[in-house]
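The file model-v2.tsv contains TSV, C-alpha atoms:
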```
chain	number	residue	atom	x	y	z
A	1208	MET	CA	81.99	82.32	-14.40
A	1209	SER	CA	85.36	80.58	-14.19
A	1210	LEU	CA	86.68	79.45	-10.83
A	1211	ASP	CA	90.20	80.02	-9.56
A	1212	PRO	CA	92.37	76.90	-9.10
A	1213	VAL	CA	92.11	76.94	-5.28
A	1214	THR	CA	88.31	77.10	-5.32
A	1215	ARG	CA	88.14	74.43	-8.01
A	1216	SER	CA	90.40	72.15	-5.97
A	1217	ARG	CA	88.29	72.65	-2.84
A	1218	LEU	CA	85.08	71.92	-4.69
A	1219	LEU	CA	86.64	68.79	-6.18
A	1220	THR	CA	87.71	67.62	-2.73
A	1221	ILE	CA	84.23	68.22	-1.30
A	1222	GLY	CA	82.73	66.40	-4.27
A	1223	LYS	CA	84.92	63.33	-3.75
A	1224	PHE	CA	84.10	63.19	-0.04
A	1225	GLY	CA	80.43	63.57	-0.90
A	1226	LEU	CA	80.59	60.83	-3.51
A	1227	ALA	CA	82.20	58.43	-1.03
A	1228	VAL	CA	79.43	59.10	1.49
A	1229	ALA	CA	76.72	58.78	-1.17
A	1230	LEU	CA	78.11	55.46	-2.37
A	1231	ILE	CA	78.21	54.02	1.15
A	1232	VAL	CA	74.64	55.22	1.80
A	1233	ALA	CA	73.53	53.59	-1.47
A	1234	ILE	CA	75.24	50.32	-0.52
A	1235	LEU	CA	73.59	50.39	2.93
A	1236	SER	CA	70.21	50.66	1.24
A	1237	ALA	CA	71.03	47.78	-1.12
A	1238	VAL	CA	72.19	45.32	1.57
A	1239	ASP	CA	71.16	44.57	5.13
A	1240	GLY	CA	72.77	47.58	6.82
A	1241	ARG	CA	71.72	46.49	10.31
A	1242	GLU	CA	73.40	43.12	9.84
A	1243	ALA	CA	76.57	44.81	8.60
A	1244	TRP	CA	76.56	47.07	11.66
A	1245	ARG	CA	76.01	44.09	13.97
A	1246	MET	CA	79.00	42.31	12.42
A	1247	LEU	CA	81.20	45.36	12.88
A	1248	ARG	CA	80.18	45.84	16.50
A	1249	SER	CA	80.97	42.20	17.31
A	1250	ALA	CA	84.29	42.13	15.42
A	1251	ASP	CA	87.01	40.04	17.09
A	1252	PRO	CA	89.85	42.41	18.18
A	1253	ALA	CA	92.48	39.68	17.83
A	1254	TRP	CA	91.82	39.30	14.09
A	1255	LEU	CA	91.75	43.08	13.66
A	1256	LEU	CA	95.10	43.30	15.44
A	1257	LEU	CA	96.51	40.69	13.05
A	1258	ALA	CA	95.25	42.75	10.10
A	1259	PHE	CA	96.89	45.85	11.64
A	1260	ALA	CA	100.21	44.00	11.92
A	1261	LEU	CA	100.00	42.74	8.33
A	1262	LEU	CA	99.23	46.22	6.94
A	1263	SER	CA	102.05	47.72	8.99
A	1264	LEU	CA	104.40	45.07	7.61
A	1265	GLN	CA	103.32	45.78	4.03
A	1266	THR	CA	104.16	49.47	4.53
A	1267	VAL	CA	107.66	48.59	5.74
A	1268	LEU	CA	108.19	46.09	2.89
A	1269	SER	CA	106.92	48.65	0.38
A	1270	ALA	CA	109.42	51.17	1.75
A	1271	VAL	CA	112.22	48.62	1.30
A	1272	ARG	CA	111.04	48.04	-2.30
A	1273	TRP	CA	111.02	51.79	-2.97
A	1274	ARG	CA	114.53	52.12	-1.53
A	1275	LEU	CA	115.74	49.29	-3.78
A	1276	THR	CA	114.06	50.81	-6.85
A	1277	ALA	CA	115.43	54.27	-6.08
A	1278	ARG	CA	118.95	52.91	-5.61
A	1279	GLN	CA	118.87	51.48	-9.13
A	1280	LEU	CA	117.99	54.98	-10.35
A	1281	ASP	CA	120.99	56.62	-8.65
A	1282	GLN	CA	119.24	57.65	-5.43
A	1283	ARG	CA	120.54	56.69	-2.00
A	1284	ILE	CA	117.79	56.64	0.60
A	1285	GLY	CA	118.41	55.41	4.13
A	1286	LEU	CA	116.15	52.64	5.42
A	1287	MET	CA	114.61	54.65	8.25
A	1288	ARG	CA	114.06	57.63	5.99
A	1289	ALA	CA	112.38	55.38	3.41
A	1290	ILE	CA	110.06	53.96	6.07
A	1291	ARG	CA	109.19	57.43	7.43
A	1292	GLU	CA	108.54	58.76	3.92
A	1293	TYR	CA	106.38	55.79	3.01
A	1294	TYR	CA	104.28	56.11	6.15
A	1295	LEU	CA	103.84	59.82	5.43
A	1296	SER	CA	102.77	59.16	1.85
A	1297	GLN	CA	100.34	56.46	3.04
A	1298	VAL	CA	98.63	58.71	5.56
A	1299	ILE	CA	98.27	61.48	2.96
A	1300	ASN	CA	96.92	59.02	0.38
A	1301	GLN	CA	94.37	57.79	2.92
A	1302	SER	CA	93.17	61.24	3.92
A	1303	LEU	CA	93.09	63.24	0.67
A	1304	PRO	CA	91.22	62.70	-2.61
A	1305	GLY	CA	93.01	61.07	-5.51
A	1306	GLY	CA	95.04	58.52	-3.58
A	1307	MET	CA	98.35	59.60	-5.16
A	1308	LEU	CA	99.18	62.96	-3.55
A	1309	GLY	CA	101.30	61.29	-0.90
A	1310	ASP	CA	103.34	59.54	-3.57
A	1311	ALA	CA	103.82	62.81	-5.46
A	1312	GLY	CA	105.11	64.43	-2.28
A	1313	ARG	CA	107.46	61.50	-1.70
A	1314	ALA	CA	108.93	61.99	-5.16
A	1315	MET	CA	109.32	65.73	-4.63
A	1316	ARG	CA	111.22	65.24	-1.37
A	1317	ALA	CA	113.50	62.61	-2.95
A	1318	ARG	CA	114.43	64.65	-6.03
A	1319	GLY	CA	117.62	66.12	-4.61
A	1320	GLN	CA	120.06	63.40	-5.72
A	1321	ALA	CA	118.91	62.42	-9.20
A	1322	GLY	CA	116.32	65.02	-10.18
A	1323	LEU	CA	112.55	65.02	-10.23
A	1324	ARG	CA	112.19	62.76	-13.30
A	1325	LEU	CA	114.08	59.82	-11.79
A	1326	ALA	CA	112.60	60.41	-8.34
A	1327	SER	CA	109.08	60.34	-9.80
A	1328	LEU	CA	109.94	57.32	-11.91
A	1329	GLY	CA	111.23	55.45	-8.88
A	1330	VAL	CA	107.98	56.08	-6.99
A	1331	ALA	CA	105.82	55.15	-9.99
A	1332	LEU	CA	107.74	51.95	-10.76
A	1333	GLU	CA	107.63	50.88	-7.13
A	1334	ARG	CA	103.86	51.28	-7.04
A	1335	LEU	CA	103.52	49.56	-10.43
A	1336	ALA	CA	105.51	46.55	-9.20
A	1337	GLY	CA	103.00	46.10	-6.39
A	1338	GLN	CA	100.02	46.23	-8.74
A	1339	VAL	CA	101.63	43.76	-11.16
A	1340	ALA	CA	102.24	41.33	-8.28
A	1341	MET	CA	98.62	41.68	-7.17
A	1342	ALA	CA	97.43	40.97	-10.72
A	1343	ALA	CA	99.74	37.94	-10.92
A	1344	VAL	CA	98.33	36.54	-7.67
A	1345	MET	CA	94.80	37.14	-8.97
A	1346	ALA	CA	95.52	35.38	-12.28
A	1347	ALA	CA	97.16	32.43	-10.54
A	1348	GLY	CA	94.25	32.22	-8.10
A	1349	LEU	CA	91.75	32.17	-10.96
A	1350	VAL	CA	93.61	29.35	-12.70
A	1351	ALA	CA	93.76	27.40	-9.44
A	1352	ALA	CA	90.06	28.03	-8.75
A	1353	VAL	CA	89.16	26.65	-12.17
A	1354	ALA	CA	91.56	23.72	-12.02
A	1355	VAL	CA	90.91	22.66	-8.43
A	1356	ASP	CA	88.28	23.34	-5.80
A	1357	GLY	CA	89.44	26.55	-4.17
A	1358	GLY	CA	86.09	27.39	-2.62
A	1359	LEU	CA	85.18	29.65	-5.55
A	1360	GLN	CA	83.39	28.94	-8.81
A	1361	PRO	CA	84.20	32.01	-10.93
A	1362	PRO	CA	81.52	33.03	-13.44
A	1363	THR	CA	82.51	33.90	-17.00
A	1364	TRP	CA	82.34	37.66	-16.47
A	1365	LEU	CA	84.71	37.41	-13.51
A	1366	ALA	CA	87.23	35.43	-15.53
A	1367	GLY	CA	86.91	38.02	-18.30
A	1368	THR	CA	87.54	40.88	-15.86
A	1369	VAL	CA	90.67	39.24	-14.49
A	1370	ALA	CA	91.90	38.51	-18.01
A	1371	ALA	CA	91.22	42.12	-19.06
A	1372	ILE	CA	93.25	43.54	-16.16
A	1373	CYS	CA	96.19	41.23	-16.85
A	1374	ALA	CA	96.00	41.89	-20.60
A	1375	GLY	CA	95.90	45.63	-19.93
A	1376	LEU	CA	99.10	45.50	-17.87
A	1377	ALA	CA	100.84	43.32	-20.46
A	1378	GLY	CA	99.60	45.54	-23.29
A	1379	ALA	CA	100.86	48.69	-21.59
A	1380	ALA	CA	104.32	47.14	-21.22
A	1381	PHE	CA	104.32	46.09	-24.89
A	1382	VAL	CA	103.23	49.55	-26.07
A	1383	ALA	CA	105.93	51.23	-23.98
A	1384	HIS	CA	108.54	48.89	-25.43
A	1385	MET	CA	107.42	49.47	-29.00
A	1386	ALA	CA	107.11	53.24	-28.53
A	1387	GLY	CA	110.82	53.34	-27.76
A	1388	ALA	CA	111.49	52.59	-31.43
A	1389	LEU	CA	109.54	55.65	-32.64
A	1390	PRO	CA	111.50	58.55	-34.13
A	1391	GLY	CA	111.75	61.92	-32.46
A	1392	ALA	CA	111.25	63.11	-28.90
A	1393	VAL	CA	108.51	60.57	-28.11
A	1394	GLY	CA	110.72	57.66	-29.08
A	1395	ARG	CA	113.65	59.00	-27.07
A	1396	ALA	CA	111.47	59.59	-24.01
A	1397	MET	CA	109.87	56.14	-24.14
A	1398	GLY	CA	113.20	54.50	-24.91
A	1399	GLY	CA	114.70	56.16	-21.84
A	1400	PHE	CA	111.73	55.06	-19.75
A	1401	VAL	CA	112.13	51.43	-20.84
A	1402	VAL	CA	115.86	51.47	-20.10
A	1403	ASP	CA	115.31	52.97	-16.65
A	1404	ALA	CA	112.44	50.57	-15.89
A	1405	ARG	CA	114.61	47.59	-16.76
A	1406	ARG	CA	117.44	48.95	-14.64
A	1407	ALA	CA	115.12	49.48	-11.67
A	1408	LEU	CA	113.04	46.30	-11.87
A	1409	THR	CA	114.76	43.54	-13.82
A	1410	ALA	CA	118.52	44.15	-13.59
A	1411	PRO	CA	120.64	41.19	-12.39
A	1412	GLY	CA	120.61	41.04	-8.62
A	1413	VAL	CA	117.40	43.08	-8.46
A	1414	LEU	CA	114.71	41.07	-10.22
A	1415	TRP	CA	114.24	38.41	-7.57
A	1416	TRP	CA	114.23	40.98	-4.79
A	1417	GLN	CA	111.53	42.91	-6.66
A	1418	ILE	CA	109.47	39.76	-7.17
A	1419	GLY	CA	109.85	38.64	-3.55
A	1420	LEU	CA	109.05	42.03	-2.03
A	1421	SER	CA	106.10	42.63	-4.36
A	1422	LEU	CA	104.56	39.23	-3.70
A	1423	ALA	CA	105.09	39.73	0.02
A	1424	THR	CA	103.33	43.12	0.02
A	1425	ALA	CA	100.47	41.67	-2.03
A	1426	ALA	CA	100.15	38.77	0.42
A	1427	CYS	CA	100.08	41.18	3.38
A	1428	ASN	CA	97.22	43.16	1.84
A	1429	LEU	CA	95.19	40.09	0.89
A	1430	LEU	CA	95.69	38.35	4.22
A	1431	ALA	CA	94.84	41.56	6.08
A	1432	PHE	CA	91.50	41.75	4.26
A	1433	ALA	CA	90.91	38.05	5.00
A	1434	ALA	CA	91.69	38.73	8.69
A	1435	CYS	CA	89.16	41.59	8.74
A	1436	ALA	CA	86.57	39.25	7.23
A	1437	ARG	CA	87.42	36.64	9.84
A	1438	ALA	CA	87.03	39.27	12.55
A	1439	ILE	CA	83.36	39.69	11.61
A	1440	GLY	CA	82.84	35.93	11.47
A	1441	ILE	CA	83.46	35.23	7.76
A	1442	ALA	CA	86.09	32.66	6.79
A	1443	LEU	CA	86.90	33.43	3.16
A	1444	PRO	CA	88.10	30.45	1.09
A	1445	ALA	CA	91.55	30.65	-0.47
A	1446	GLY	CA	90.11	31.13	-3.95
A	1447	ALA	CA	88.13	34.17	-2.83
A	1448	VAL	CA	91.17	35.72	-1.14
A	1449	ALA	CA	93.30	35.22	-4.26
A	1450	VAL	CA	90.73	36.30	-6.89
A	1451	LEU	CA	87.99	38.43	-5.35
A	1452	VAL	CA	90.00	40.45	-2.81
A	1453	PRO	CA	92.47	41.80	-5.44
A	1454	LEU	CA	89.50	43.04	-7.48
A	1455	ILE	CA	88.10	44.72	-4.37
A	1456	LEU	CA	91.44	46.41	-3.68
A	1457	PHE	CA	91.89	47.41	-7.34
A	1458	ALA	CA	88.62	49.35	-7.02
A	1459	MET	CA	90.43	51.67	-4.60
A	1460	LEU	CA	92.69	52.85	-7.44
A	1461	ILE	CA	89.83	54.63	-9.22
A	1462	PRO	CA	90.49	58.27	-8.16
A	1463	ILE	CA	86.94	59.52	-7.79
A	1464	THR	CA	86.55	59.27	-4.00
A	1465	VAL	CA	88.82	59.54	-0.97
A	1466	ALA	CA	91.14	56.52	-0.52
A	1467	GLY	CA	88.69	54.35	-2.44
A	1468	TRP	CA	85.97	54.59	0.20
A	1469	GLY	CA	82.61	53.66	-1.26
A	1470	LEU	CA	84.14	52.00	-4.31
A	1471	ARG	CA	85.84	49.33	-2.21
A	1472	GLU	CA	82.69	48.74	-0.18
A	1473	GLY	CA	80.57	48.45	-3.33
A	1474	ALA	CA	83.01	45.98	-4.88
A	1475	ALA	CA	83.10	43.90	-1.69
A	1476	ALA	CA	79.31	43.84	-1.34
A	1477	ALA	CA	78.98	42.77	-4.98
A	1478	LEU	CA	81.83	40.26	-5.20
A	1479	LEU	CA	82.03	38.44	-1.87
A	1480	PRO	CA	78.60	36.81	-2.31
A	1481	LEU	CA	80.31	34.80	-5.08
A	1482	ALA	CA	82.19	33.10	-2.23
A	1483	GLY	CA	78.99	32.28	-0.36
A	1484	THR	CA	78.83	35.33	1.93
A	1485	SER	CA	76.19	38.08	2.00
A	1486	GLY	CA	76.43	41.60	0.68
A	1487	ALA	CA	76.20	42.84	4.27
A	1488	ALA	CA	79.23	40.72	5.18
A	1489	GLY	CA	81.14	42.13	2.23
A	1490	LEU	CA	80.30	45.66	3.31
A	1491	ALA	CA	81.29	45.00	6.93
A	1492	ALA	CA	84.58	43.34	5.96
A	1493	SER	CA	85.48	46.22	3.67
A	1494	VAL	CA	84.67	48.88	6.27
A	1495	ALA	CA	86.72	46.97	8.86
A	1496	PHE	CA	89.63	46.78	6.42
A	1497	GLY	CA	89.42	50.50	5.65
A	1498	LEU	CA	89.38	51.46	9.32
A	1499	VAL	CA	92.27	49.14	10.19
A	1500	PHE	CA	94.25	50.43	7.20
A	1501	LEU	CA	93.66	54.00	8.37
A	1502	ALA	CA	94.87	53.09	11.85
A	1503	ALA	CA	97.92	51.29	10.45
A	1504	VAL	CA	99.17	54.37	8.58
A	1505	LEU	CA	98.72	56.78	11.50
A	1506	PRO	CA	102.47	56.63	12.33
A	1507	GLY	CA	102.82	58.70	9.16
A	1508	LEU	CA	101.51	61.66	11.16
A	1509	TRP	CA	104.68	61.70	13.25
A	1510	PRO	CA	106.88	63.46	10.64
A	1511	LEU	CA	104.16	66.10	10.16
A	1512	LEU	CA	103.79	66.67	13.90
A	1513	ALA	CA	107.56	66.73	14.42
A	1514	SER	CA	107.98	69.25	11.60
A	1515	ARG	CA	105.23	71.46	13.00
A	1516	ARG	CA	106.73	71.29	16.47
A	1517	ALA	CA	110.14	72.27	15.09
A	1518	THR	CA	108.74	75.33	13.33
A	1519	THR	CA	107.04	76.57	16.53
A	1520	HIS	CA	110.25	76.51	18.61
```
Output the structure of this file as structure tokens.
Amino acid sequence: MSLDPVTRSRLLTIGKFGLAVALIVAILSAVDGREAWRMLRSADPAWLLLAFALLSLQTVLSAVRWRLTARQLDQRIGLMRAIREYYLSQVINQSLPGGMLGDAGRAMRARGQAGLRLASLGVALERLAGQVAMAAVMAAGLVAAVAVDGGLQPPTWLAGTVAAICAGLAGAAFVAHMAGALPGAVGRAMGGFVVDARRALTAPGVLWWQIGLSLATAACNLLAFAACARAIGIALPAGAVAVLVPLILFAMLIPITVAGWGLREGAAAALLPLAGTSGAAGLAASVAFGLVFLAAVLPGLWPLLASRRATTH
């Protein structure tokens, strides 16, 4: 018996919530769950507040980056509107399965000036710039950890994982560039994509702003995670923050749970022991980060509440 799209979507949502819970339960059974809970209960509020401030700042900086990217694609978005829209997309991404529905809605609402294609491209390129910056920080951190004592001795498989992620991003860019030379509709579409991407990301007067904003947002995310770890009594070395934390945050991009819950905790419990911590500490730090992140995007509820209030009057 085939299911209608609404029922299928609901079942998929329930499944992703269930998978997140199952993963966390499995992690609790694999590490010292009581120790993780003790760390969370004794978390230092001052460090959590710092993490909140850093995650709030990264949302604002990401909104500025989106506004810059959209402007290069013939869209004029006011600063306050960009910030409101970004907060709204963040809160939707954090509360619904997939992690991209908020971004899709942001593109839909911005399509009025330049059309849906360019609006969607602006959102996608803005998010891509952030991931490329995170990968660059991770690669630089790995090189530094190998060359100098950064408090982390990366095993071979870790170096291979970092290299694979960076090679994948570089390979995707190369394939897109080469596909633009193909004949027919595919070549025209990819050629247009490459031209628009260059205009949005690397045009004169834009490139250094894109680099600066993307590195700043990456730093805010990494330092926020480090602050959450410090809140539970774990001082992560610089090498771990630069190499391990990006891998933990990249796990959130896999769209099989809600906002990466479960996946992020599993990655943290598995990876942070490489920096001399326990799996329980990794779990506690990741849960603290997830809760602070959720709190930091709550201002995104304001546009929804304001819209609902307007429709009832």
Using all atoms listed in the file, determine which residues lie at most 10 Å from Phe1496 in chain A, disregarding the query and same-chain residues fewer than 3 positions distant; provide the list as a ChimeraX atom specification.
/A:1255,1258-1259,1262,1428,1431-1436,1471-1472,1490-1493,1499-1502
Using all atoms listed in the file for the distances, tell me which of A:Ile1463, A:Leu1349, A:Leu1256, A:Ala1386 is nearest to Ala1447 in chain A.
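Comparing A:Ile1463, A:Leu1349, A:Leu1256, A:Ala1386 against Ala1447 in chain A, the winner is A:Leu1349.
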Compute the distance from (104.4, 57.8, 7.2) to each atom, counting only C-alpha atoms, keep the residues with any atom at most 10 Å away, and return them as a VMD selection string; use the coordinates of the file.
chain A and resid 1266 to 1267 1270 1288 to 1299 1309 1503 to 1511
Please report, as AutoDock Vina command-line options, the centre and edge lengths in Å to one decimal of an axis-aligned box covering all listed atoms of range 1495-1501 of chain A with 5 Å per side.
```
--center_x 90.5 --center_y 50.4 --center_z 7.9 --size_x 17.5 --size_y 17.2 --size_z 14.5
```
Sort by chain and increasing residue number a table of all residues of range 1390-1484 of chain A within 10 Å of range 1353-1372 of chain A, each with its closest pair of atoms and their distance in Å to one decimal, counting all atoms listed in the file, and write it as a tab-separated table.
```
residue	atom	partner	partner_atom	distance
A:Leu1443	CA	A:Gly1358	CA	8.4
A:Pro1444	CA	A:Gly1358	CA	5.2
A:Ala1445	CA	A:Gly1357	CA	5.9
A:Gly1446	CA	A:Gly1357	CA	4.6
A:Ala1447	CA	A:Leu1359	CA	6.0
A:Val1448	CA	A:Leu1359	CA	9.6
A:Ala1449	CA	A:Gly1357	CA	9.5
A:Val1450	CA	A:Val1369	CA	8.1
A:Leu1451	CA	A:Leu1365	CA	8.9
A:Pro1453	CA	A:Val1369	CA	9.6
A:Leu1454	CA	A:Val1369	CA	8.1
A:Phe1457	CA	A:Ile1372	CA	9.7
A:Leu1478	CA	A:Leu1365	CA	9.2
A:Leu1481	CA	A:Leu1359	CA	7.1
A:Ala1482	CA	A:Leu1359	CA	5.6
A:Gly1483	CA	A:Leu1359	CA	8.5
```
One decimal, in Å: what's the spacing between CA of Arg1316 in chain A and CA of Ile1461 in chain A?
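So the answer is 25.1 Å.
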For the atom pair CA of Leu1479 in chain A and CA of Cys1427 in chain A, what is the interatomic distance in Å to one decimal place?
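It comes out at 19.0 Å.
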One decimal, in Å: what's the spacing between CA of Ala1336 in chain A and CA of Ala1352 in chain A?
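Distance between the two atoms: 24.1 Å.
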Residue among A:Ala1476, A:Ala1277, A:Trp1415, A:Cys1373 lying closest to Gly1489 in chain A, counting all atoms listed in the file
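Of A:Ala1476, A:Ala1277, A:Trp1415, A:Cys1373, the one nearest Gly1489 in chain A is A:Ala1476, counting all atoms listed in the file.
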Around (114.8, 42.2, -6.1) in the file's frame, which residues reach within 12 Å when counting all atoms listed in the file? Return as a PDB file with C-alpha atoms, in the frame of the given file?
```pdb
ATOM      1  CA  LEU A1268     108.190  46.090   2.890  1.00  0.00           C
ATOM      2  CA  VAL A1271     112.220  48.620   1.300  1.00  0.00           C
ATOM      3  CA  ARG A1272     111.040  48.040  -2.300  1.00  0.00           C
ATOM      4  CA  TRP A1273     111.020  51.790  -2.970  1.00  0.00           C
ATOM      5  CA  ARG A1274     114.530  52.120  -1.530  1.00  0.00           C
ATOM      6  CA  LEU A1275     115.740  49.290  -3.780  1.00  0.00           C
ATOM      7  CA  THR A1276     114.060  50.810  -6.850  1.00  0.00           C
ATOM      8  CA  ARG A1278     118.950  52.910  -5.610  1.00  0.00           C
ATOM      9  CA  GLN A1279     118.870  51.480  -9.130  1.00  0.00           C
ATOM     10  CA  GLU A1333     107.630  50.880  -7.130  1.00  0.00           C
ATOM     11  CA  ALA A1336     105.510  46.550  -9.200  1.00  0.00           C
ATOM     12  CA  ARG A1405     114.610  47.590 -16.760  1.00  0.00           C
ATOM     13  CA  ARG A1406     117.440  48.950 -14.640  1.00  0.00           C
ATOM     14  CA  ALA A1407     115.120  49.480 -11.670  1.00  0.00           C
ATOM     15  CA  LEU A1408     113.040  46.300 -11.870  1.00  0.00           C
ATOM     16  CA  THR A1409     114.760  43.540 -13.820  1.00  0.00           C
ATOM     17  CA  ALA A1410     118.520  44.150 -13.590  1.00  0.00           C
ATOM     18  CA  PRO A1411     120.640  41.190 -12.390  1.00  0.00           C
ATOM     19  CA  GLY A1412     120.610  41.040  -8.620  1.00  0.00           C
ATOM     20  CA  VAL A1413     117.400  43.080  -8.460  1.00  0.00           C
ATOM     21  CA  LEU A1414     114.710  41.070 -10.220  1.00  0.00           C
ATOM     22  CA  TRP A1415     114.240  38.410  -7.570  1.00  0.00           C
ATOM     23  CA  TRP A1416     114.230  40.980  -4.790  1.00  0.00           C
ATOM     24  CA  GLN A1417     111.530  42.910  -6.660  1.00  0.00           C
ATOM     25  CA  ILE A1418     109.470  39.760  -7.170  1.00  0.00           C
ATOM     26  CA  GLY A1419     109.850  38.640  -3.550  1.00  0.00           C
ATOM     27  CA  LEU A1420     109.050  42.030  -2.030  1.00  0.00           C
ATOM     28  CA  SER A1421     106.100  42.630  -4.360  1.00  0.00           C
ATOM     29  CA  LEU A1422     104.560  39.230  -3.700  1.00  0.00           C
ATOM     30  CA  ALA A1423     105.090  39.730   0.020  1.00  0.00           C
TER      31      ALA A1423
END
```
Report as a list in words all protein, DNA and RNA residues lying within 8 Å of Leu1247 in chain A, evaluated on all atoms listed in the file, omitting residues in the same chain fewer than 3 positions from it.
Ala1243, Trp1244, Ala1250, Ile1439, Ala1491, Ala1492 and Ala1495 of chain A
All residues 10 Å or closer to Leu1328 in chain A, all atoms listed in the file, same chain fewer than 3 positions away omitted, as a PDB file with C-alpha atoms, in the coordinates of the input:
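The result, stored in part.pdb:
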```pdb
ATOM      1  CA  THR A1276     114.060  50.810  -6.850  1.00  0.00           C
ATOM      2  CA  ALA A1277     115.430  54.270  -6.080  1.00  0.00           C
ATOM      3  CA  LEU A1280     117.990  54.980 -10.350  1.00  0.00           C
ATOM      4  CA  ALA A1314     108.930  61.990  -5.160  1.00  0.00           C
ATOM      5  CA  LEU A1323     112.550  65.020 -10.230  1.00  0.00           C
ATOM      6  CA  ARG A1324     112.190  62.760 -13.300  1.00  0.00           C
ATOM      7  CA  LEU A1325     114.080  59.820 -11.790  1.00  0.00           C
ATOM      8  CA  ALA A1331     105.820  55.150  -9.990  1.00  0.00           C
ATOM      9  CA  LEU A1332     107.740  51.950 -10.760  1.00  0.00           C
ATOM     10  CA  GLU A1333     107.630  50.880  -7.130  1.00  0.00           C
ATOM     11  CA  ARG A1334     103.860  51.280  -7.040  1.00  0.00           C
ATOM     12  CA  PHE A1400     111.730  55.060 -19.750  1.00  0.00           C
ATOM     13  CA  ASP A1403     115.310  52.970 -16.650  1.00  0.00           C
ATOM     14  CA  ALA A1404     112.440  50.570 -15.890  1.00  0.00           C
ATOM     15  CA  ALA A1407     115.120  49.480 -11.670  1.00  0.00           C
TER      16      ALA A1407
END
```
Ranking A:Val1330, A:Leu1257, A:Ala1351, A:Ile1441 by minimum distance to Arg1313 in chain A and counting only C-alpha atoms, which one comes first?
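Of all the options, A:Val1330 lies closest to Arg1313 in chain A.
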Would you please work out which residue, of A:Met1307, A:Ser1269, A:Ala1380, A:Gly1312, is nearest to Ala1425 in chain A when using all atoms listed in the file?
A:Ser1269
